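Engineer: This is protein_11.pdb (PDB, C-alpha atoms, pLDDT in the B column).
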ATOM      1  CA  PHE A   1       0.000   0.000   0.000  1.00 64.00           C
ATOM      2  CA  LEU A   2       2.645   2.546   0.998  1.00 73.00           C
ATOM      3  CA  ASP A   3       4.715   1.902  -2.124  1.00 78.00           C
ATOM      4  CA  GLU A   4       1.834   3.175  -4.249  1.00 78.00           C
ATOM      5  CA  ALA A   5       0.803   5.909  -1.814  1.00 75.00           C
ATOM      6  CA  VAL A   6       4.104   7.778  -2.122  1.00 75.00           C
ATOM      7  CA  LEU A   7       4.093   7.879  -5.920  1.00 82.00           C
ATOM      8  CA  GLY A   8       4.266  11.489  -6.999  1.00 84.00           C
ATOM      9  CA  LEU A   9       5.154  12.804  -3.544  1.00 86.00           C
ATOM     10  CA  ASP A  10       8.289  14.843  -2.959  1.00 90.00           C
ATOM     11  CA  GLY A  11       8.098  14.957   0.825  1.00 90.00           C
ATOM     12  CA  LEU A  12       6.267  14.298   4.065  1.00 90.00           C
ATOM     13  CA  GLU A  13       5.377  16.845   6.740  1.00 90.00           C
ATOM     14  CA  VAL A  14       7.222  15.198   9.599  1.00 92.00           C
ATOM     15  CA  GLN A  15       7.828  18.217  11.824  1.00 88.00           C
ATOM     16  CA  TYR A  16       4.335  19.270  12.796  1.00 85.00           C
ATOM     17  CA  PRO A  17       3.221  20.267  16.301  1.00 82.00           C
ATOM     18  CA  GLY A  18       0.247  17.906  16.201  1.00 81.00           C
ATOM     19  CA  HIS A  19       2.408  14.804  15.682  1.00 86.00           C
ATOM     20  CA  ILE A  20       3.394  12.797  18.734  1.00 92.00           C
ATOM     21  CA  PRO A  21       7.037  11.619  18.822  1.00 94.00           C
ATOM     22  CA  ALA A  22       6.097   8.108  17.664  1.00 97.00           C
ATOM     23  CA  HIS A  23       4.379   9.525  14.569  1.00 95.00           C
ATOM     24  CA  ARG A  24       7.380  11.740  13.779  1.00 94.00           C
ATOM     25  CA  ALA A  25       9.663   8.710  14.076  1.00 96.00           C
ATOM     26  CA  LEU A  26       7.473   6.630  11.766  1.00 95.00           C
ATOM     27  CA  LEU A  27       7.153   9.423   9.196  1.00 94.00           C
ATOM     28  CA  THR A  28      10.924   9.948   9.291  1.00 95.00           C
ATOM     29  CA  GLN A  29      11.459   6.243   8.603  1.00 96.00           C
ATOM     30  CA  TRP A  30       9.052   6.384   5.656  1.00 92.00           C
ATOM     31  CA  ALA A  31      10.726   9.505   4.255  1.00 93.00           C
ATOM     32  CA  GLN A  32      14.140   7.852   4.438  1.00 93.00           C
ATOM     33  CA  ARG A  33      12.879   4.574   2.989  1.00 92.00           C
ATOM     34  CA  TYR A  34      11.219   6.241   0.007  1.00 91.00           C
ATOM     35  CA  GLY A  35      13.718   9.045  -0.570  1.00 90.00           C
ATOM     36  CA  LEU A  36      11.234  11.754   0.383  1.00 92.00           C
ATOM     37  CA  LEU A  37      12.026  15.182   1.753  1.00 93.00           C
ATOM     38  CA  ILE A  38      11.254  15.894   5.398  1.00 93.00           C
ATOM     39  CA  THR A  39       9.196  19.041   5.703  1.00 90.00           C
ATOM     40  CA  GLY A  40       7.596  20.813   8.597  1.00 86.00           C
ATOM     41  CA  GLY A  41       5.803  23.844   9.773  1.00 77.00           C
ATOM     42  CA  SER A  42       4.126  25.483  12.687  1.00 64.00           C
ATOM     43  CA  ASP A  43       0.625  25.189  11.251  1.00 67.00           C
ATOM     44  CA  CYS A  44       0.202  28.586  12.872  1.00 66.00           C
ATOM     45  CA  HIS A  45      -3.475  29.460  13.228  1.00 66.00           C
ATOM     46  CA  ASP A  46      -3.159  31.576  16.332  1.00 65.00           C
ATOM     47  CA  ARG A  47      -0.424  33.005  18.539  1.00 68.00           C
ATOM     48  CA  VAL A  48      -1.324  31.082  21.682  1.00 70.00           C
ATOM     49  CA  GLU A  49      -1.876  27.404  20.869  1.00 69.00           C
ATOM     50  CA  ARG A  50       0.572  27.101  17.969  1.00 68.00           C
ATOM     51  CA  PRO A  51       2.830  30.134  17.663  1.00 68.00           C
ATOM     52  CA  LEU A  52       4.809  30.721  14.487  1.00 70.00           C
ATOM     53  CA  GLY A  53       8.015  28.712  14.422  1.00 68.00           C
ATOM     54  CA  VAL A  54       7.022  26.121  17.009  1.00 70.00           C
ATOM     55  CA  ALA A  55       7.909  23.255  14.647  1.00 73.00           C
ATOM     56  CA  GLY A  56      10.457  23.410  11.893  1.00 78.00           C
ATOM     57  CA  ILE A  57      13.033  21.442   9.999  1.00 86.00           C
ATOM     58  CA  SER A  58      16.730  21.055  10.741  1.00 87.00           C
ATOM     59  CA  ALA A  59      19.505  22.736   8.762  1.00 90.00           C
ATOM     60  CA  ASP A  60      20.235  19.425   6.992  1.00 92.00           C
ATOM     61  CA  GLU A  61      16.561  18.965   6.098  1.00 90.00           C
ATOM     62  CA  CYS A  62      16.453  22.539   4.803  1.00 90.00           C
ATOM     63  CA  ALA A  63      19.561  21.953   2.671  1.00 93.00           C
ATOM     64  CA  ALA A  64      17.993  18.820   1.155  1.00 92.00           C
ATOM     65  CA  LEU A  65      14.833  20.769   0.372  1.00 88.00           C
ATOM     66  CA  LEU A  66      16.761  23.618  -1.271  1.00 92.00           C
ATOM     67  CA  ALA A  67      18.846  21.138  -3.287  1.00 93.00           C
ATOM     68  CA  ARG A  68      15.674  19.770  -4.890  1.00 88.00           C
ATOM     69  CA  LEU A  69      14.468  23.178  -6.093  1.00 85.00           C
TER      70      LEU A  69
END
Spit out the file's structure as structure tokens when you get a sec.

Structural biologist:
Amino acid sequence: FLDEAVLGLDGLEVQYPGHIPAHRALLTQWAQRYGLLITGGSDCHDRVERPLGVAGISADECAALLARL
């Protein structure tokens, strides 16, 4: 199932404040297995619950993203 599900995808949103650590770990494994970029964001909808910048990608993940542009 997953082999077909990732067709056409460039990345997975791994770093997201709503993901528990186990989900981030699983998504990271999938991204590595399928050669997908690791993306992330704050999903900022307000300044209290999820402030801007609360979840982001590492410098290495950013470099990989920029290299694919």

Engineer: Evaluate the PyMOL selection byres ((chain A and resi 16-20) around 6) on the structure here and hand back the selected residues as a list in words.

Structural biologist: Val14, Gln15, Pro21, Ala22, His23, Gly40, Gly41 and Ala55 of chain A

Engineer: Take the PyMOL selection byres ((chain A and resi 65) around 10), run it mentally on this structure, and tell me the resulting residues as a list of chain:residue names.

Structural biologist: A:Asp10, A:Gly11, A:Leu36, A:Leu37, A:Ile38, A:Thr39, A:Ile57, A:Ala59, A:Asp60, A:Glu61, A:Cys62, A:Ala63, A:Ala64, A:Leu66, A:Ala67, A:Arg68, A:Leu69

Engineer: Generate the output file for the selected residues, C-alpha atoms, as a compact mmCIF listing (two decimals), in the coordinates of the input.

Structural biologist:
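Below is the file that was written, selection-v3.txt:
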# COMPACT_ATOMS: atom_id res chain seq x y z
CA ASP A 10 8.29 14.84 -2.96
CA GLY A 11 8.10 14.96 0.82
CA LEU A 36 11.23 11.75 0.38
CA LEU A 37 12.03 15.18 1.75
CA ILE A 38 11.25 15.89 5.40
CA THR A 39 9.20 19.04 5.70
CA ILE A 57 13.03 21.44 10.00
CA ALA A 59 19.50 22.74 8.76
CA ASP A 60 20.24 19.42 6.99
CA GLU A 61 16.56 18.96 6.10
CA CYS A 62 16.45 22.54 4.80
CA ALA A 63 19.56 21.95 2.67
CA ALA A 64 17.99 18.82 1.16
CA LEU A 66 16.76 23.62 -1.27
CA ALA A 67 18.85 21.14 -3.29
CA ARG A 68 15.67 19.77 -4.89
CA LEU A 69 14.47 23.18 -6.09

Engineer: Please provide as number ranges by chain all residues within 10 Å of Val6 of chain A, with the sequence filter that same-chain residues fewer than 5 positions apart are discarded (counting all atoms listed in the file).

Structural biologist: A: 1, 11-12, 30-31, 34-36

Engineer: Using only the atoms of segment 65-68 of chain A listed in the file, plus 4 Å on each side, state the axis-aligned box centre and edge lengths in Å rounded to one decimal, as lines of an AutoDock Vina configuration file.

Structural biologist:
center_x = 16.8
center_y = 21.7
center_z = -2.3
size_x = 12.0
size_y = 11.8
size_z = 13.3

Engineer: Atom CA of Leu27 of chain A and atom CA of Leu2 of chain A, how far apart in Å?

Structural biologist: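 Here the two named atoms are 11.6 Å from each other.
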
Engineer: Hey, which of A:Ser58, A:Glu13, A:Gly8, A:Val48 ends up closest to Thr28 of chain A? Count all atoms listed in the file.

Structural biologist: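 Closest residue, counting all atoms listed in the file: A:Glu13.
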